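Peer 1: One file: query-v2.tsv (TSV, C-alpha atoms (C1' of nucleotides)).
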```tsv
chain	number	residue	atom	x	y	z
A	404	MET	CA	82.80	95.40	71.91
A	405	PRO	CA	80.91	94.02	74.90
A	406	GLN	CA	81.50	96.97	77.21
A	407	ARG	CA	83.69	95.39	79.89
A	408	ARG	CA	82.03	96.20	83.21
A	409	ARG	CA	84.01	97.64	86.13
A	410	THR	CA	86.25	95.10	87.82
A	411	GLU	CA	83.35	93.95	89.99
A	412	THR	CA	84.75	91.68	92.65
A	413	PRO	CA	83.10	88.40	93.56
A	414	ALA	CA	84.05	88.81	97.23
A	415	PRO	CA	80.58	89.82	98.47
A	416	VAL	CA	79.01	86.80	96.84
A	417	PHE	CA	81.53	84.48	98.45
A	418	ALA	CA	80.97	86.20	101.77
A	419	ALA	CA	77.27	85.53	101.43
A	420	LEU	CA	77.98	81.89	100.70
A	421	GLY	CA	80.26	81.64	103.70
A	422	ASP	CA	77.62	80.63	106.20
A	423	GLU	CA	76.05	77.27	106.91
A	424	ASN	CA	72.57	78.60	107.37
A	425	ARG	CA	72.65	80.49	104.13
A	426	LEU	CA	73.95	77.51	102.22
A	427	ARG	CA	71.10	75.52	103.65
A	428	LEU	CA	68.64	78.14	102.52
A	429	LEU	CA	70.05	78.05	99.02
A	430	ALA	CA	69.78	74.30	99.02
A	431	GLN	CA	66.14	74.50	100.07
A	432	LEU	CA	65.40	77.06	97.41
A	433	GLY	CA	67.27	74.90	94.96
A	434	GLY	CA	64.17	72.76	94.90
A	435	GLY	CA	62.82	75.24	92.40
A	436	GLU	CA	59.64	76.04	94.21
A	437	PRO	CA	59.53	79.52	95.78
A	438	LEU	CA	59.26	79.22	99.55
A	439	SER	CA	57.85	81.44	102.27
A	440	ILE	CA	59.82	82.61	105.26
A	441	SER	CA	57.82	80.45	107.67
A	442	ARG	CA	58.46	77.48	105.46
A	443	LEU	CA	62.16	78.20	105.45
A	444	THR	CA	62.20	78.78	109.17
A	445	ALA	CA	60.56	75.48	110.07
A	446	GLY	CA	63.13	73.10	111.49
A	447	SER	CA	65.98	75.52	110.90
A	448	GLY	CA	66.85	75.84	114.55
A	449	ILE	CA	66.90	79.62	114.39
A	450	SER	CA	64.19	82.23	114.65
A	451	ARG	CA	62.11	83.64	111.86
A	452	GLN	CA	63.88	86.96	112.15
A	453	GLY	CA	67.18	85.18	111.90
A	454	ILE	CA	66.10	83.58	108.66
A	455	THR	CA	64.86	86.90	107.36
A	456	LYS	CA	68.24	88.43	107.99
A	457	HIS	CA	70.02	85.66	106.18
A	458	LEU	CA	67.68	85.95	103.24
A	459	ARG	CA	68.43	89.63	103.05
A	460	VAL	CA	72.13	88.98	103.02
A	461	LEU	CA	71.62	86.56	100.16
A	462	ALA	CA	69.45	89.09	98.38
A	463	GLY	CA	72.11	91.73	98.93
A	464	ALA	CA	74.56	89.49	97.12
A	465	GLY	CA	72.01	89.03	94.37
A	466	LEU	CA	71.64	85.32	94.99
A	467	VAL	CA	67.94	85.31	95.79
A	468	ARG	CA	64.92	87.43	95.09
A	469	SER	CA	61.58	87.78	96.83
A	470	SER	CA	58.06	88.62	95.88
A	471	ARG	CA	54.94	89.08	97.93
A	472	ARG	CA	51.88	87.01	97.45
A	473	GLY	CA	49.12	87.84	99.85
A	474	LYS	CA	50.39	87.69	103.37
A	475	GLU	CA	53.51	85.76	102.59
A	476	SER	CA	56.75	86.66	100.88
A	477	LEU	CA	58.10	84.03	98.56
A	478	TRP	CA	61.79	83.58	97.93
A	479	GLN	CA	63.52	82.04	95.01
A	480	LEU	CA	66.98	81.69	93.61
A	481	GLU	CA	68.50	84.18	91.26
A	482	ARG	CA	70.73	82.22	89.02
A	483	ARG	CA	72.76	84.83	87.24
A	484	ARG	CA	74.87	85.74	90.22
A	485	LEU	CA	75.58	82.19	91.19
A	486	GLU	CA	76.84	81.49	87.72
A	487	GLU	CA	79.11	84.49	87.97
A	488	ALA	CA	80.48	83.17	91.23
A	489	ARG	CA	81.07	79.82	89.67
A	490	ARG	CA	82.91	81.41	86.81
A	491	SER	CA	85.06	83.35	89.24
A	492	LEU	CA	86.06	80.18	90.97
A	493	ASP	CA	86.74	78.47	87.70
A	494	GLN	CA	88.93	81.34	86.70
A	495	ILE	CA	90.89	81.33	89.92
A	496	ALA	CA	91.33	77.61	89.61
A	497	LEU	CA	92.43	77.96	86.03
A	498	GLN	CA	94.95	80.65	86.75
A	499	TRP	CA	96.22	78.43	89.45
A	500	ASP	CA	96.53	75.39	87.24
A	501	VAL	CA	98.40	77.38	84.66
A	502	ALA	CA	100.78	78.62	87.31
A	503	LEU	CA	101.42	75.16	88.67
A	504	ASP	CA	101.96	73.85	85.20
A	505	LYS	CA	104.43	76.55	84.41
A	506	LEU	CA	106.27	75.79	87.60
A	507	ARG	CA	106.31	72.08	86.96
A	508	ARG	CA	107.61	72.54	83.45
A	509	PHE	CA	110.24	74.91	84.75
A	510	VAL	CA	111.40	72.35	87.26
A	511	GLU	CA	111.48	69.58	84.69
A	512	GLU	CA	113.50	71.72	82.33
A	513	LYS	CA	116.18	72.04	84.94
A	514	THR	CA	116.38	68.26	85.41
B	1344	MET	CA	84.41	51.51	99.32
B	1345	PRO	CA	85.87	55.04	99.32
B	1346	GLN	CA	84.88	55.86	102.89
B	1347	ARG	CA	82.47	58.76	102.40
B	1348	ARG	CA	83.76	61.57	104.61
B	1349	ARG	CA	81.38	63.46	106.91
B	1350	THR	CA	79.20	65.98	105.13
B	1351	GLU	CA	82.01	68.55	105.28
B	1352	THR	CA	80.54	71.89	104.40
B	1353	PRO	CA	82.20	74.30	101.99
B	1354	ALA	CA	81.07	77.30	104.02
B	1355	PRO	CA	84.45	78.03	105.64
B	1356	VAL	CA	86.14	78.08	102.27
B	1357	PHE	CA	83.60	80.53	100.89
B	1358	ALA	CA	83.95	82.63	104.01
B	1359	ALA	CA	87.70	82.76	103.44
B	1360	LEU	CA	87.13	83.81	99.85
B	1361	GLY	CA	84.69	86.49	100.93
B	1362	ASP	CA	87.23	89.23	101.40
B	1363	GLU	CA	88.90	91.52	98.91
B	1364	ASN	CA	92.29	91.41	100.53
B	1365	ARG	CA	92.31	87.65	100.62
B	1366	LEU	CA	91.25	87.39	97.01
B	1367	ARG	CA	94.10	89.69	96.13
B	1368	LEU	CA	96.51	87.51	98.05
B	1369	LEU	CA	95.31	84.46	96.21
B	1370	ALA	CA	95.74	86.29	92.94
B	1371	GLN	CA	99.30	87.21	93.83
B	1372	LEU	CA	100.08	83.67	94.85
B	1373	GLY	CA	98.43	82.55	91.65
B	1374	GLY	CA	101.62	83.62	89.96
B	1375	GLY	CA	103.00	80.27	91.01
B	1376	GLU	CA	106.04	81.54	92.79
B	1377	PRO	CA	105.91	81.23	96.59
B	1378	LEU	CA	105.98	84.68	98.15
B	1379	SER	CA	107.13	86.01	101.49
B	1380	ILE	CA	104.97	88.01	103.83
B	1381	SER	CA	106.92	91.21	103.24
B	1382	ARG	CA	106.52	90.71	99.54
B	1383	LEU	CA	102.80	90.24	99.93
B	1384	THR	CA	102.55	93.22	102.22
B	1385	ALA	CA	104.27	95.65	99.87
B	1386	GLY	CA	101.71	97.95	98.30
B	1387	SER	CA	98.80	96.20	99.96
B	1388	GLY	CA	97.73	99.19	101.95
B	1389	ILE	CA	97.51	97.24	105.16
B	1390	SER	CA	100.09	96.28	107.75
B	1391	ARG	CA	102.28	93.22	107.77
B	1392	GLN	CA	100.35	91.81	110.69
B	1393	GLY	CA	97.15	92.35	108.81
B	1394	ILE	CA	98.48	90.34	105.92
B	1395	THR	CA	99.66	87.62	108.27
B	1396	LYS	CA	96.19	87.32	109.70
B	1397	HIS	CA	94.63	87.03	106.29
B	1398	LEU	CA	97.12	84.40	105.29
B	1399	ARG	CA	96.21	82.42	108.36
B	1400	VAL	CA	92.56	82.62	107.55
B	1401	LEU	CA	93.32	81.27	104.09
B	1402	ALA	CA	95.47	78.57	105.58
B	1403	GLY	CA	92.69	77.70	108.00
B	1404	ALA	CA	90.43	77.13	105.03
B	1405	GLY	CA	93.12	75.00	103.46
B	1406	LEU	CA	93.63	77.34	100.54
B	1407	VAL	CA	97.28	78.15	101.13
B	1408	ARG	CA	100.25	76.63	102.84
B	1409	SER	CA	103.47	78.07	104.19
B	1410	SER	CA	107.02	76.93	104.68
B	1411	ARG	CA	110.00	78.60	106.24
B	1412	ARG	CA	113.17	79.33	104.39
B	1413	GLY	CA	115.76	81.10	106.40
B	1414	LYS	CA	114.28	84.15	107.96
B	1415	GLU	CA	111.27	84.34	105.71
B	1416	SER	CA	108.11	82.30	105.45
B	1417	LEU	CA	107.00	81.50	101.96
B	1418	TRP	CA	103.37	81.04	101.03
B	1419	GLN	CA	101.84	79.17	98.17
B	1420	LEU	CA	98.49	78.00	96.96
B	1421	GLU	CA	96.92	74.72	97.98
B	1422	ARG	CA	94.74	73.61	95.12
B	1423	ARG	CA	92.70	70.72	96.48
B	1424	ARG	CA	90.39	72.81	98.62
B	1425	LEU	CA	89.61	75.27	95.89
B	1426	GLU	CA	88.56	72.46	93.63
B	1427	GLU	CA	86.23	71.22	96.29
B	1428	ALA	CA	84.66	74.64	96.56
B	1429	ARG	CA	84.24	74.79	92.85
B	1430	ARG	CA	82.52	71.44	92.85
B	1431	SER	CA	80.15	72.65	95.57
B	1432	LEU	CA	79.13	75.59	93.47
B	1433	ASP	CA	78.73	73.43	90.43
B	1434	GLN	CA	76.49	71.18	92.40
B	1435	ILE	CA	74.28	73.97	93.65
B	1436	ALA	CA	74.08	75.36	90.15
B	1437	LEU	CA	73.31	71.96	88.75
B	1438	GLN	CA	70.56	71.23	91.24
B	1439	TRP	CA	69.19	74.57	90.27
B	1440	ASP	CA	69.28	73.93	86.56
B	1441	VAL	CA	67.54	70.62	87.04
B	1442	ALA	CA	64.86	72.31	89.08
B	1443	LEU	CA	64.31	75.02	86.53
B	1444	ASP	CA	64.17	72.48	83.78
B	1445	LYS	CA	61.62	70.46	85.64
B	1446	LEU	CA	59.60	73.59	86.19
B	1447	ARG	CA	59.83	74.68	82.60
B	1448	ARG	CA	58.82	71.28	81.33
B	1449	PHE	CA	55.95	71.25	83.79
B	1450	VAL	CA	54.73	74.59	82.53
B	1451	GLU	CA	55.03	73.57	78.90
B	1452	GLU	CA	53.14	70.39	79.55
B	1453	LYS	CA	50.21	72.41	80.80
B	1454	THR	CA	50.18	74.53	77.67
C	405	DA	C1'	129.74	91.98	117.14
C	406	DT	C1'	126.12	94.82	115.41
C	407	DC	C1'	122.89	96.55	112.24
C	408	DT	C1'	118.99	95.41	109.38
C	409	DT	C1'	115.43	92.73	107.69
C	410	DA	C1'	111.60	89.14	108.32
C	411	DG	C1'	108.32	87.57	111.30
C	412	DG	C1'	105.89	86.05	115.64
C	413	DC	C1'	103.08	87.14	119.70
C	414	DA	C1'	99.90	89.73	122.51
C	415	DA	C1'	96.86	93.41	123.59
C	416	DC	C1'	93.70	96.44	122.12
C	417	DT	C1'	89.90	98.89	119.28
C	418	DA	C1'	86.00	99.70	116.24
C	419	DG	C1'	82.66	97.97	113.78
C	420	DA	C1'	80.07	94.17	111.56
C	421	DA	C1'	77.53	89.75	112.02
C	422	DG	C1'	74.50	86.48	113.92
C	423	DG	C1'	71.10	85.94	116.75
C	424	DT	C1'	67.38	87.17	120.01
C	425	DT	C1'	62.90	89.38	121.73
C	426	DG	C1'	58.93	92.53	121.75
C	427	DC	C1'	55.62	94.72	119.43
C	428	DC	C1'	53.06	96.43	115.34
C	429	DT	C1'	50.68	95.65	110.62
C	430	DA	C1'	48.52	93.10	107.00
C	431	DT	C1'	45.96	89.38	105.34
C	432	DC	C1'	43.19	85.41	105.42
C	433	DC	C1'	39.39	82.62	107.28
C	434	DC	C1'	35.08	82.02	109.86
D	1500	DG	C1'	34.32	91.75	113.49
D	1501	DG	C1'	37.84	88.83	115.54
D	1502	DG	C1'	41.11	85.25	115.85
D	1503	DA	C1'	44.96	82.96	113.64
D	1504	DT	C1'	48.90	83.32	110.51
D	1505	DA	C1'	52.88	85.72	107.98
D	1506	DG	C1'	56.00	89.23	108.25
D	1507	DG	C1'	58.27	93.84	109.14
D	1508	DC	C1'	60.83	96.99	112.24
D	1509	DA	C1'	63.73	98.26	115.97
D	1510	DA	C1'	66.45	97.54	119.97
D	1511	DC	C1'	69.53	94.92	122.02
D	1512	DC	C1'	73.39	91.54	123.18
D	1513	DT	C1'	77.50	88.85	122.21
D	1514	DT	C1'	80.86	87.16	119.42
D	1515	DC	C1'	83.80	87.51	115.56
D	1516	DT	C1'	86.62	90.18	112.36
D	1517	DA	C1'	89.78	93.39	110.42
D	1518	DG	C1'	92.88	96.10	111.53
D	1519	DT	C1'	96.20	98.42	114.51
D	1520	DT	C1'	100.59	99.02	117.53
D	1521	DG	C1'	104.46	97.69	120.47
D	1522	DC	C1'	107.82	94.77	121.53
D	1523	DC	C1'	110.63	90.45	121.11
D	1524	DT	C1'	113.41	86.77	118.43
D	1525	DA	C1'	115.84	84.84	114.49
D	1526	DA	C1'	118.58	85.15	110.44
D	1527	DG	C1'	121.56	87.52	107.18
D	1528	DA	C1'	124.85	90.97	105.83
D	1529	DT	C1'	129.17	93.77	106.96
```
Any chance you could put this one into structure tokens?

Peer 2:
Amino acid sequence: MPQRRRTETPAPVFAALGDENRLRLLAQLGGGEPLSISRLTAGSGISRQGITKHLRVLAGAGLVRSSRRGKESLWQLERRRLEEARRSLDQIALQWDVALDKLRRFVEEKT
Amino acid sequence: MPQRRRTETPAPVFAALGDENRLRLLAQLGGGEPLSISRLTAGSGISRQGITKHLRVLAGAGLVRSSRRGKESLWQLERRRLEEARRSLDQIALQWDVALDKLRRFVEEKT
DNA sequence: ATCTTAGGCAACTAGAAGGTTGCCTATCCC
DNA sequence: GGGATAGGCAACCTTCTAGTTGCCTAAGAT
């Protein structure tokens, strides 16, 4: 049996996604190429430190990962967690659909 | 032409989802049956006002909707917004997959 | 009429989040 | 070695957030 892990809520991941700047960062990293902090900062409208903080929040949620190369730190997406988040949403949506369906059928029955 | 709406970021929806208590509320409402605030408060560990606030955050993100019946206000899920959020995630994930694919193919080409 | 139950509103608090700036370190380039 | 470039760390400020409590109003139930 595949050892069901502890309930493990998706809330922190959603929280990490709940910010414009961070979504933008993810989009930039979505290009596939690992990017440096300076690169990510350019044209962002906020300071380098600000970007660093956001990246760390994303890393905390497991959505990105960094590695050093020389004087720069390169950031890239971590796909596993995002997939999990997507599955969570799908599941919520599904549960939801089922519920609505049940309700609709119930109503129709009564007609 | 279907009048492309302004970019409309999913961030607020994710932010609303980024909280345990709110996820729990959504789960409860996922039952399909509209529930009153008292009902949702029972056994939640936080106060009625706390629950009310969370519900309003969810409503602000368009995820739930309320209606009054007599002395109680009944809350239920609003599905459209959740679907939008799901699509956003799918899109990020997709962009990602494409990028990784491109990268992989690039690497293989060089081999 | 009055008691009880369901909620709304407002004020307040503690702590987290988003952002800044200043300064220090490491690396690269000449 | 010495200047430019890339970041890290820490302190700080302000705004938002999660939660509380107290008190008031509106329905229902008797």

Peer 1: How big is the axis-aligned box, and where does its centre sit, when it encloses all atoms of stretch 408-413 of chain C listed in the file and has 8 Å added on every side, reported in Å to one decimal as lines of an AutoDock Vina configuration file?

Peer 2:
```
center_x = 111.0
center_y = 90.7
center_z = 113.7
size_x = 31.9
size_y = 25.4
size_z = 28.0
```

Peer 1: For A:Leu432, work out the shell of residues within 9 Å, counting only C-alpha atoms (C1' of nucleotides) and skipping chain neighbours fewer than 4 positions away, then give it as a count of residues only.

Peer 2: 11

Peer 1: Closest to B:Gln1392 among C:DA410, C:DA421, C:DC432, C:DG426, using only C-alpha atoms (C1' of nucleotides)?

Peer 2: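 Using only C-alpha atoms (C1' of nucleotides), B:Gln1392 sits closest to C:DA410.
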
Peer 1: Counting all atoms listed in the file, what is within 12 Å of D:DT1516, bar same-chain residues fewer than 5 positions away, as a list in words?

Peer 2: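 In the requested format, the answer is Ala1358, Ala1359, Asp1362, Gly1393, Lys1396, His1397 and Val1400 of chain B; DT417, DA418, DG419, DA420 and DA421 of chain C.
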
Peer 1: Restricting the calculation to all atoms listed in the file, which member of B:Asp1433, B:Leu1425, B:Gly1375, B:Arg1382 is positioned closest to B:Phe1357?

Peer 2: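 The answer is B:Leu1425, which sits nearest to B:Phe1357.
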
Peer 1: With a distance threshold of 12 Å and counting only C-alpha atoms (C1' of nucleotides), extract the residues of chain C near chain A and express them as a ChimeraX atom specification.

Peer 2: /C:421-425,429-432

Peer 1: Taking only C-alpha atoms (C1' of nucleotides) into account, report as a ChimeraX atom specification which residues of chain D lie within 9 Å of chain B.

Peer 2: /D:1517-1519,1525-1527

Peer 1: Nearest to chain B among A:Leu497, A:Gly448, A:Leu466, A:Leu492, with distances taken over only C-alpha atoms: which residue is it?

Peer 2: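 Using only C-alpha atoms, chain B sits closest to A:Leu492.
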
Peer 1: Rounded to one decimal place, report the atom CA of B:Glu1421-atom CA of B:Ile1380 distance in Å.

Peer 2: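 About the pair atom CA of B:Glu1421 and atom CA of B:Ile1380: they are 16.6 Å apart.
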
Peer 1: To one decimal in Å, tell me the separation between atom CA of B:Glu1363 and atom CA of B:Ser1387.

Peer 2: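 Between these atoms lies a distance of 11.0 Å.
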
Peer 1: For a test of reading the model, state the distance in Å between atom C1' of C:DC407 and atom CA of B:Thr1395, rounded to one decimal.

Peer 2: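 It comes out at 25.2 Å.
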
Peer 1: Compare B:Val1356, B:Asn1364, B:Ser1381, B:Gln1434 by their minimum atom-to-atom distance to B:Ala1402, counting all atoms listed in the file, and give me the closest one.

Peer 2: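 Ranked by minimum distance to B:Ala1402, first place goes to B:Val1356.
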
Peer 1: Smallest atom-to-atom distance to C:DA414: which of D:DT1529, D:DT1520, D:DT1514, D:DT1504, using all atoms listed in the file?

Peer 2: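 With all atoms listed in the file as the atom set, the closest residue is D:DT1520.
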
Peer 1: Name the closest residue to chain A among the candidates B:Ala1385, B:Arg1423, B:Ser1410, B:Leu1398; distances are taken between atoms, counting all atoms listed in the file.

Peer 2: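 Of the candidates, the smallest distance to chain A is held by B:Arg1423.
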
Peer 1: Write stretch 1407-1419 of chain B as a short mmCIF file (atom, residue, chain, number, x, y, z; two decimals), keeping the file's coordinate frame, completed to N, CA and C atoms.

Peer 2:
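rebuild_14.cif, written as the output of this step:
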```cif
data_model
loop_
_atom_site.label_atom_id
_atom_site.label_comp_id
_atom_site.auth_asym_id
_atom_site.auth_seq_id
_atom_site.Cartn_x
_atom_site.Cartn_y
_atom_site.Cartn_z
N VAL B 1407 95.85 77.89 101.32
CA VAL B 1407 97.28 78.15 101.13
C VAL B 1407 98.07 77.38 102.17
N ARG B 1408 99.37 77.40 101.98
CA ARG B 1408 100.25 76.63 102.84
C ARG B 1408 101.56 77.40 102.91
N SER B 1409 102.23 77.32 104.06
CA SER B 1409 103.47 78.07 104.19
C SER B 1409 104.63 77.16 104.55
N SER B 1410 105.82 77.65 104.27
CA SER B 1410 107.02 76.93 104.68
C SER B 1410 108.10 77.97 104.96
N ARG B 1411 108.96 77.65 105.89
CA ARG B 1411 110.00 78.60 106.24
C ARG B 1411 111.24 78.36 105.41
N ARG B 1412 111.85 79.47 105.02
CA ARG B 1412 113.17 79.33 104.39
C ARG B 1412 114.01 80.45 104.93
N GLY B 1413 114.95 80.09 105.75
CA GLY B 1413 115.76 81.10 106.40
C GLY B 1413 114.90 81.97 107.27
N LYS B 1414 115.04 83.26 107.09
CA LYS B 1414 114.28 84.15 107.96
C LYS B 1414 112.90 84.47 107.42
N GLU B 1415 112.59 83.99 106.25
CA GLU B 1415 111.27 84.34 105.71
C GLU B 1415 110.36 83.12 105.57
N SER B 1416 109.06 83.40 105.63
CA SER B 1416 108.11 82.30 105.45
C SER B 1416 107.44 82.47 104.10
N LEU B 1417 107.50 81.44 103.33
CA LEU B 1417 107.00 81.50 101.96
C LEU B 1417 105.63 80.86 101.86
N TRP B 1418 104.74 81.53 101.16
CA TRP B 1418 103.37 81.04 101.03
C TRP B 1418 103.04 80.66 99.61
N GLN B 1419 102.28 79.58 99.50
CA GLN B 1419 101.84 79.17 98.17
C GLN B 1419 100.43 78.60 98.23
#
```
